[in-house]
$ cat entry10.cif   # mmCIF, C-alpha atoms and all ligand atoms; chains and numbers go by the auth columns
data_my_file
loop_
_atom_site.group_PDB
_atom_site.id
_atom_site.type_symbol
_atom_site.label_atom_id
_atom_site.label_comp_id
_atom_site.label_asym_id
_atom_site.label_seq_id
_atom_site.Cartn_x
_atom_site.Cartn_y
_atom_site.Cartn_z
_atom_site.B_iso_or_equiv
_atom_site.auth_seq_id
_atom_site.auth_asym_id
ATOM 1 C CA MET A 1 26.977 56.209 -41.727 0.00 1 A
ATOM 2 C CA MET A 2 24.653 53.367 -40.919 0.00 2 A
ATOM 3 C CA ALA A 3 25.748 50.533 -38.690 0.00 3 A
ATOM 4 C CA ASP A 4 26.509 47.409 -40.662 0.00 4 A
ATOM 5 C CA GLU A 5 23.239 45.669 -40.055 0.00 5 A
ATOM 6 C CA GLU A 6 20.930 48.636 -39.685 0.00 6 A
ATOM 7 C CA LEU A 7 18.738 48.279 -42.732 0.00 7 A
ATOM 8 C CA PRO A 8 16.317 50.744 -44.291 0.00 8 A
ATOM 9 C CA PRO A 9 12.609 49.828 -44.119 0.00 9 A
ATOM 10 C CA GLY A 10 11.612 46.666 -45.976 0.00 10 A
ATOM 11 C CA GLN A 11 9.812 46.999 -49.295 0.00 11 A
ATOM 12 C CA PRO A 12 6.727 44.959 -50.109 0.00 12 A
ATOM 13 C CA LYS A 13 7.186 42.517 -52.946 0.00 13 A
ATOM 14 C CA ALA A 14 5.629 43.345 -56.318 0.00 14 A
ATOM 15 C CA THR A 15 1.854 42.869 -56.535 0.00 15 A
ATOM 16 C CA ASP A 16 1.174 43.662 -60.194 0.00 16 A
ATOM 17 C CA PRO A 17 1.269 40.379 -62.169 0.00 17 A
ATOM 18 C CA ARG A 18 3.617 41.746 -64.825 0.00 18 A
ATOM 19 C CA GLU A 19 5.928 43.169 -62.209 0.00 19 A
ATOM 20 C CA ILE A 20 5.822 39.922 -60.225 0.00 20 A
ATOM 21 C CA GLU A 21 7.065 38.086 -63.311 0.00 21 A
ATOM 22 C CA VAL A 22 10.011 40.476 -63.650 0.00 22 A
ATOM 23 C CA GLU A 23 10.778 40.429 -59.944 0.00 23 A
ATOM 24 C CA GLN A 24 10.736 36.648 -59.720 0.00 24 A
ATOM 25 C CA LEU A 25 13.116 36.403 -62.654 0.00 25 A
ATOM 26 C CA ALA A 26 15.461 38.964 -61.063 0.00 26 A
ATOM 27 C CA ILE A 27 15.456 37.032 -57.786 0.00 27 A
ATOM 28 C CA ARG A 28 16.112 33.731 -59.560 0.00 28 A
ATOM 29 C CA LEU A 29 19.014 35.183 -61.575 0.00 29 A
ATOM 30 C CA LEU A 30 20.578 36.871 -58.551 0.00 30 A
ATOM 31 C CA LYS A 31 20.336 33.820 -56.314 0.00 31 A
ATOM 32 C CA GLY A 32 21.641 31.683 -59.164 0.00 32 A
ATOM 33 C CA VAL A 33 24.822 33.724 -59.549 0.00 33 A
ATOM 34 C CA PHE A 34 25.373 34.458 -55.860 0.00 34 A
ATOM 35 C CA THR A 35 27.884 31.682 -55.132 0.00 35 A
ATOM 36 C CA LYS A 36 30.020 32.523 -58.172 0.00 36 A
ATOM 37 C CA SER A 37 29.856 36.211 -57.316 0.00 37 A
ATOM 38 C CA THR A 38 30.947 35.819 -53.697 0.00 38 A
ATOM 39 C CA ARG A 39 33.788 33.313 -54.160 0.00 39 A
ATOM 40 C CA PRO A 40 36.200 34.267 -51.362 0.00 40 A
ATOM 41 C CA GLY A 41 39.157 36.217 -52.684 0.00 41 A
ATOM 42 C CA ALA A 42 37.658 36.391 -56.182 0.00 42 A
ATOM 43 C CA GLU A 43 34.487 38.368 -55.584 0.00 43 A
ATOM 44 C CA ARG A 44 32.992 39.892 -58.709 0.00 44 A
ATOM 45 C CA GLU A 45 29.827 41.769 -59.459 0.00 45 A
ATOM 46 C CA TRP A 46 27.588 40.022 -61.955 0.00 46 A
ATOM 47 C CA GLY A 47 24.539 41.507 -63.593 0.00 47 A
ATOM 48 C CA GLY A 48 22.313 42.042 -66.581 0.00 48 A
ATOM 49 C CA VAL A 49 19.072 43.441 -67.874 0.00 49 A
ATOM 50 C CA ILE A 50 15.508 42.107 -67.965 0.00 50 A
ATOM 51 C CA TYR A 51 13.396 43.089 -70.943 0.00 51 A
ATOM 52 C CA ARG A 52 10.086 42.525 -72.674 0.00 52 A
ATOM 53 C CA GLN A 53 10.099 41.624 -76.322 0.00 53 A
ATOM 54 C CA GLY A 54 7.748 41.608 -79.280 0.00 54 A
ATOM 55 C CA PRO A 55 3.974 41.914 -79.535 0.00 55 A
ATOM 56 C CA SER A 56 3.423 39.369 -76.766 0.00 56 A
ATOM 57 C CA ALA A 57 5.834 41.275 -74.490 0.00 57 A
ATOM 58 C CA ARG A 58 7.451 38.040 -73.434 0.00 58 A
ATOM 59 C CA ILE A 59 10.125 38.331 -70.823 0.00 59 A
ATOM 60 C CA GLY A 60 13.827 37.784 -71.438 0.00 60 A
ATOM 61 C CA HIS A 61 17.173 38.777 -69.992 0.00 61 A
ATOM 62 C CA THR A 62 20.836 39.427 -70.704 0.00 62 A
ATOM 63 C CA GLY A 63 23.562 37.919 -68.534 0.00 63 A
ATOM 64 C CA PRO A 64 24.392 37.265 -65.900 0.00 64 A
ATOM 65 C CA ILE A 65 27.504 39.064 -67.154 0.00 65 A
ATOM 66 C CA GLU A 66 30.690 38.843 -65.079 0.00 66 A
ATOM 67 C CA GLY A 67 31.980 42.188 -63.829 0.00 67 A
ATOM 68 C CA ASP A 68 35.581 43.388 -63.831 0.00 68 A
ATOM 69 C CA SER A 69 35.836 43.815 -60.058 0.00 69 A
ATOM 70 C CA SER A 70 34.007 43.351 -56.778 0.00 70 A
ATOM 71 C CA HIS A 71 32.305 46.701 -57.256 0.00 71 A
ATOM 72 C CA HIS A 72 31.598 47.056 -60.960 0.00 72 A
ATOM 73 C CA VAL A 73 29.880 45.221 -63.767 0.00 73 A
ATOM 74 C CA ASP A 74 29.192 46.529 -67.252 0.00 74 A
ATOM 75 C CA VAL A 75 25.574 45.663 -68.037 0.00 75 A
ATOM 76 C CA GLY A 76 25.755 47.268 -71.478 0.00 76 A
ATOM 77 C CA ASN A 77 24.350 50.664 -70.604 0.00 77 A
ATOM 78 C CA ALA A 78 26.831 52.447 -72.879 0.00 78 A
ATOM 79 C CA GLY A 79 25.652 50.490 -75.897 0.00 79 A
ATOM 80 C CA SER A 80 22.407 50.521 -77.763 0.00 80 A
ATOM 81 C CA ASN A 81 19.379 49.162 -75.891 0.00 81 A
ATOM 82 C CA PHE A 82 21.625 47.541 -73.236 0.00 82 A
ATOM 83 C CA GLY A 83 22.543 44.794 -75.678 0.00 83 A
ATOM 84 C CA CYS A 84 18.942 43.570 -75.762 0.00 84 A
ATOM 85 C CA PRO A 85 17.268 42.540 -79.043 0.00 85 A
ATOM 86 C CA SER A 86 16.183 45.529 -81.114 0.00 86 A
ATOM 87 C CA ASP A 87 12.472 44.834 -80.590 0.00 87 A
ATOM 88 C CA ALA A 88 12.921 44.522 -76.823 0.00 88 A
ATOM 89 C CA SER A 89 12.369 47.121 -74.126 0.00 89 A
ATOM 90 C CA PRO A 90 14.448 46.881 -70.943 0.00 90 A
ATOM 91 C CA VAL A 91 12.233 47.028 -67.840 0.00 91 A
ATOM 92 C CA ALA A 92 14.660 46.222 -65.029 0.00 92 A
ATOM 93 C CA TRP A 93 18.285 45.410 -64.323 0.00 93 A
ATOM 94 C CA TYR A 94 19.940 43.284 -61.705 0.00 94 A
ATOM 95 C CA HIS A 95 23.391 42.969 -60.217 0.00 95 A
ATOM 96 C CA THR A 96 25.235 41.605 -57.227 0.00 96 A
ATOM 97 C CA HIS A 97 26.945 43.515 -54.436 0.00 97 A
ATOM 98 C CA PRO A 98 29.304 40.760 -53.280 0.00 98 A
ATOM 99 C CA VAL A 99 31.431 42.430 -50.603 0.00 99 A
ATOM 100 C CA LYS A 100 30.894 44.537 -47.515 0.00 100 A
ATOM 101 C CA PHE A 101 34.499 45.670 -47.135 0.00 101 A
ATOM 102 C CA THR A 102 37.592 46.123 -49.183 0.00 102 A
ATOM 103 C CA TYR A 103 41.139 46.666 -47.968 0.00 103 A
ATOM 104 C CA SER A 104 43.790 49.056 -49.106 0.00 104 A
ATOM 105 C CA VAL A 105 47.448 48.895 -48.140 0.00 105 A
ATOM 106 C CA SER A 106 49.572 52.018 -48.022 0.00 106 A
ATOM 107 C CA ASN A 107 53.066 52.065 -46.508 0.00 107 A
ATOM 108 C CA GLY A 108 52.335 48.759 -44.861 0.00 108 A
ATOM 109 C CA VAL A 109 49.206 50.068 -43.182 0.00 109 A
ATOM 110 C CA VAL A 110 46.050 48.133 -43.978 0.00 110 A
ATOM 111 C CA THR A 111 42.873 50.178 -44.060 0.00 111 A
ATOM 112 C CA ARG A 112 39.453 48.584 -44.140 0.00 112 A
ATOM 113 C CA ILE A 113 37.037 50.435 -46.403 0.00 113 A
ATOM 114 C CA ARG A 114 33.323 49.914 -46.133 0.00 114 A
ATOM 115 C CA MET A 115 31.682 49.272 -49.498 0.00 115 A
ATOM 116 C CA GLY A 116 28.286 50.698 -50.374 0.00 116 A
ATOM 117 C CA TRP A 117 26.723 47.238 -50.535 0.00 117 A
ATOM 118 C CA ASP A 118 23.478 48.516 -48.985 0.00 118 A
ATOM 119 C CA VAL A 119 23.062 51.692 -51.011 0.00 119 A
ATOM 120 C CA PHE A 120 21.914 52.463 -54.509 0.00 120 A
ATOM 121 C CA GLU A 121 23.859 55.475 -55.703 0.00 121 A
ATOM 122 C CA ASP A 122 26.171 56.915 -58.338 0.00 122 A
ATOM 123 C CA GLY A 123 26.355 54.602 -61.350 0.00 123 A
ATOM 124 C CA ASP A 124 23.496 52.431 -60.102 0.00 124 A
ATOM 125 C CA LEU A 125 21.232 55.419 -59.762 0.00 125 A
ATOM 126 C CA ALA A 126 22.250 56.796 -63.151 0.00 126 A
ATOM 127 C CA ILE A 127 21.249 53.548 -64.865 0.00 127 A
ATOM 128 C CA SER A 128 17.863 53.301 -63.152 0.00 128 A
ATOM 129 C CA ASP A 129 16.883 56.961 -63.159 0.00 129 A
ATOM 130 C CA GLY A 130 18.249 57.611 -66.626 0.00 130 A
ATOM 131 C CA ASN A 131 16.343 54.729 -68.202 0.00 131 A
ATOM 132 C CA ASN A 132 13.320 54.193 -65.949 0.00 132 A
ATOM 133 C CA LEU A 133 14.559 50.737 -64.933 0.00 133 A
ATOM 134 C CA ILE A 134 13.782 49.016 -61.661 0.00 134 A
ATOM 135 C CA GLY A 135 17.061 47.895 -60.093 0.00 135 A
ATOM 136 C CA TYR A 136 17.514 44.636 -58.168 0.00 136 A
ATOM 137 C CA ILE A 137 20.510 43.824 -55.981 0.00 137 A
ATOM 138 C CA ILE A 138 21.570 40.795 -53.994 0.00 138 A
ATOM 139 C CA ASP A 139 23.699 41.702 -50.990 0.00 139 A
ATOM 140 C CA PRO A 140 26.480 39.683 -49.299 0.00 140 A
ATOM 141 C CA ASP A 141 23.902 38.162 -46.922 0.00 141 A
ATOM 142 C CA LYS A 142 21.851 36.949 -49.908 0.00 142 A
ATOM 143 C CA ARG A 143 19.136 39.514 -49.261 0.00 143 A
ATOM 144 C CA ILE A 144 17.318 40.953 -52.294 0.00 144 A
ATOM 145 C CA TRP A 145 16.925 44.730 -52.564 0.00 145 A
ATOM 146 C CA ARG A 146 14.835 46.764 -54.996 0.00 146 A
ATOM 147 C CA TYR A 147 15.178 50.310 -56.277 0.00 147 A
ATOM 148 C CA ARG A 148 12.140 51.781 -57.929 0.00 148 A
ATOM 149 C CA PRO A 149 12.847 54.977 -59.899 0.00 149 A
ATOM 150 C CA PRO A 150 10.712 58.041 -59.215 0.00 150 A
ATOM 151 C CA PRO A 151 7.941 59.046 -61.604 0.00 151 A
ATOM 152 C CA GLY A 152 9.058 61.084 -64.550 0.00 152 A
ATOM 153 C CA GLN A 153 8.472 61.759 -68.197 0.00 153 A
ATOM 154 C CA MET A 154 10.121 61.286 -71.545 0.00 154 A
ATOM 155 C CA ILE A 155 11.838 64.462 -72.651 0.00 155 A
ATOM 156 C CA GLU A 156 13.442 64.339 -76.095 0.00 156 A
ATOM 157 C CA GLY A 157 13.521 60.564 -75.972 0.00 157 A
ATOM 158 C CA LYS A 158 15.150 60.380 -72.542 0.00 158 A
ATOM 159 C CA PHE A 159 13.444 59.377 -69.305 0.00 159 A
ATOM 160 C CA THR A 160 13.704 62.280 -66.898 0.00 160 A
ATOM 161 C CA PRO A 161 12.598 61.858 -63.270 0.00 161 A
ATOM 162 C CA ASP A 162 10.464 64.631 -61.787 0.00 162 A
ATOM 163 C CA ALA A 163 12.758 67.120 -60.105 0.00 163 A
ATOM 164 C CA THR A 164 11.542 66.675 -56.534 0.00 164 A
ATOM 165 C CA ALA A 165 10.629 62.989 -56.715 0.00 165 A
ATOM 166 C CA GLN A 166 12.674 60.279 -55.031 0.00 166 A
ATOM 167 C CA GLY A 167 13.007 56.627 -55.837 0.00 167 A
ATOM 168 C CA GLY A 168 12.109 53.839 -53.411 0.00 168 A
ATOM 169 C CA TRP A 169 14.926 51.661 -52.050 0.00 169 A
ATOM 170 C CA GLY A 170 15.172 48.892 -49.514 0.00 170 A
ATOM 171 C CA PRO A 171 15.385 45.157 -48.930 0.00 171 A
ATOM 172 C CA LEU A 172 12.400 43.157 -50.101 0.00 172 A
ATOM 173 C CA ASN A 173 10.210 41.654 -47.435 0.00 173 A
ATOM 174 C CA ASP A 174 10.062 37.854 -47.412 0.00 174 A
HETATM 175 ZN ZN ZN B . 25.708 48.511 -57.518 0.00 201 A
#

$ encode --input "entry10.cif" --output "structure tokens" --more "lines below"
Ligand SMILES: [Zn+2]
Amino acid sequence: MMADEELPPGQPKATDPREIEVEQLAIRLLKGVFTKSTRPGAEREWGGVIYRQGPSARIGHTGPIEGDSSHHVDVGNAGSNFGCPSDASPVAWYHTHPVKFTYSVSNGVVTRIRMGWDVFEDGDLAISDGNNLIGYIIDPDKRIWRYRPPPGQMIEGKFTPDATAQGGWGPLND
């Protein structure tokens, strides 16, 4: 397990103009919801989806949606088109990781459990890799992270990453 502040290599910010637009919106939304998300004792994940809509491919977003705990938010992935308008295509999603630790009490013994605030795995990975969506996170230190899914192809209407390919993950450089 990594030490608390040992971070993976920094990722360069987006350079493609269309991706810059998406990334800047993700950063603005995440920084905007950070204080609400990290309220001491009431930490909640917040998140949503960024999409492009219509012939002009203008940018829009859902949320930020309040999660049900400090480690989960429902961004609409179970529903149709992530709750975006029907003529919209999701291109990225964003959510907060508000806590580094959680505590559990059993028989009066308090155990500190490290949260995966600096990893992109399980449900996060399933959303990005299953839908070809770039994922943006804000961590408890207000750092922005980006996950870029691996290349892949559409198979029977479902984005399927190439078997040996890996996504790119890390904090964004300033
Ligand atoms: Zn997450």

$ closest_atom_pairs --input "entry10.cif" --of "chain A" --to "ligand ZN 201 (chain A)" --cutoff "7 Å" --atoms "only C-alpha atoms and all ligand atoms" --output "CSV"
residue,atom,partner,partner_atom,distance
A:His71,CA,A:ZN201,ZN,6.8
A:His72,CA,A:ZN201,ZN,7.0
A:His95,CA,A:ZN201,ZN,6.6
A:Thr96,CA,A:ZN201,ZN,6.9
A:His97,CA,A:ZN201,ZN,6.0
A:Phe120,CA,A:ZN201,ZN,6.3
A:Asp124,CA,A:ZN201,ZN,5.2

$ write_last_selection --input "entry10.cif" --atoms "C-alpha atoms" --output "PDB file, in the frame of the given file"
ATOM      1  CA  HIS A  71      32.305  46.701 -57.256  1.00  0.00           C
ATOM      2  CA  HIS A  72      31.598  47.056 -60.960  1.00  0.00           C
ATOM      3  CA  HIS A  95      23.391  42.969 -60.217  1.00  0.00           C
ATOM      4  CA  THR A  96      25.235  41.605 -57.227  1.00  0.00           C
ATOM      5  CA  HIS A  97      26.945  43.515 -54.436  1.00  0.00           C
ATOM      6  CA  PHE A 120      21.914  52.463 -54.509  1.00  0.00           C
ATOM      7  CA  ASP A 124      23.496  52.431 -60.102  1.00  0.00           C
TER       8      ASP A 124
END

$ resolve_selection --input "entry10.cif" --expression "the PyMOL selection byres (((chain A and resi 62) around 10) and not hetatm)" --output "count of residues only"
19

$ atom_distance --input "entry10.cif" --atom1 "atom CA of Gly67 of chain A" --atom2 "atom CA of Ala92 of chain A"
17.8 Å

$ axis_aligned_box --input "entry10.cif" --around "segment 25-33 of chain A" --padding-each-side "4 Å" --output "lines of an AutoDock Vina configuration file"
center_x = 19.0
center_y = 35.3
center_z = -59.5
size_x = 19.7
size_y = 15.3
size_z = 14.3

$ residues_around --input "entry10.cif" --residues "segment 98-100 of chain A" --least-positions-apart "5" --cutoff "8 Å" --atoms "only C-alpha atoms" --output "VMD selection string"
chain A and resid 34 37 to 38 43 to 45 70 to 71 114 to 117 138 to 140

$ resolve_selection --input "entry10.cif" --expression "the PyMOL selection byres (((chain A and resi 160-172) around 9) and not hetatm)" --output "PyMOL selection string"
chain A and resi 7-13+118-120+129-132+137+143-155+158-159+173-174

$ atom_distance --input "entry10.cif" --atom1 "atom CA of Gly135 of chain A" --atom2 "atom CA of Glu23 of chain A"
9.8 Å

$ closest_residue --input "entry10.cif" --among "A:Gly54, A:Leu25, A:Trp46, A:Thr15" --to "Ser86 of chain A" --atoms "only C-alpha atoms"
A:Gly54

$ closest_residue --input "entry10.cif" --among "A:Glu156, A:Asp74, A:Glu19, A:Glu6" --to "Leu133 of chain A" --atoms "only C-alpha atoms"
A:Glu19

$ atom_distance --input "entry10.cif" --atom1 "atom CA of Arg18 of chain A" --atom2 "atom CA of Pro55 of chain A"
14.7 Å

$ closest_residue --input "entry10.cif" --among "A:Lys142, A:Arg39, A:Ser104, A:Ala88" --to "Ser56 of chain A" --atoms "all atoms listed in the file"
A:Ala88

$ closest_residue --input "entry10.cif" --among "A:Pro17, A:Arg28, A:Gly41, A:Val91" --to "Ser69 of chain A" --atoms "only C-alpha atoms"
A:Gly41

$ closest_residue --input "entry10.cif" --among "A:Arg58, A:Gly123, A:Gln53, A:Phe101" --to "Asn81 of chain A" --atoms "all atoms listed in the file"
A:Gln53

$ build_atoms --input "entry10.cif" --residues "segment 86-100 of chain A" --atoms "N, CA and C atoms" --output "compact mmCIF listing (two decimals), in the frame of the given file"
# COMPACT_ATOMS: atom_id res chain seq x y z
N SER A 86 16.64 44.19 -80.70
CA SER A 86 16.18 45.53 -81.11
C SER A 86 14.69 45.74 -80.86
N ASP A 87 13.91 44.65 -80.85
CA ASP A 87 12.47 44.83 -80.59
C ASP A 87 12.13 44.63 -79.11
N ALA A 88 13.14 44.71 -78.26
CA ALA A 88 12.92 44.52 -76.82
C ALA A 88 13.01 45.85 -76.09
N SER A 89 12.28 45.94 -74.98
CA SER A 89 12.37 47.12 -74.13
C SER A 89 12.83 46.70 -72.74
N PRO A 90 14.00 47.18 -72.30
CA PRO A 90 14.45 46.88 -70.94
C PRO A 90 13.44 47.40 -69.92
N VAL A 91 13.17 46.61 -68.89
CA VAL A 91 12.23 47.03 -67.84
C VAL A 91 12.88 47.02 -66.46
N ALA A 92 13.99 46.29 -66.33
CA ALA A 92 14.66 46.22 -65.03
C ALA A 92 16.11 45.80 -65.26
N TRP A 93 16.93 45.96 -64.27
CA TRP A 93 18.28 45.41 -64.32
C TRP A 93 18.63 44.84 -62.96
N TYR A 94 19.61 43.98 -62.94
CA TYR A 94 19.94 43.28 -61.70
C TYR A 94 21.46 43.17 -61.60
N HIS A 95 21.97 43.24 -60.40
CA HIS A 95 23.39 42.97 -60.22
C HIS A 95 23.69 42.63 -58.77
N THR A 96 24.85 42.05 -58.57
CA THR A 96 25.24 41.60 -57.23
C THR A 96 26.10 42.67 -56.56
N HIS A 97 26.01 42.74 -55.26
CA HIS A 97 26.94 43.52 -54.44
C HIS A 97 27.63 42.50 -53.52
N PRO A 98 28.77 41.95 -53.95
CA PRO A 98 29.30 40.76 -53.28
C PRO A 98 30.13 41.01 -52.02
N VAL A 99 30.56 42.22 -51.77
CA VAL A 99 31.43 42.43 -50.60
C VAL A 99 30.96 43.60 -49.74
N LYS A 100 31.21 43.45 -48.44
CA LYS A 100 30.89 44.54 -47.52
C LYS A 100 32.09 45.46 -47.29
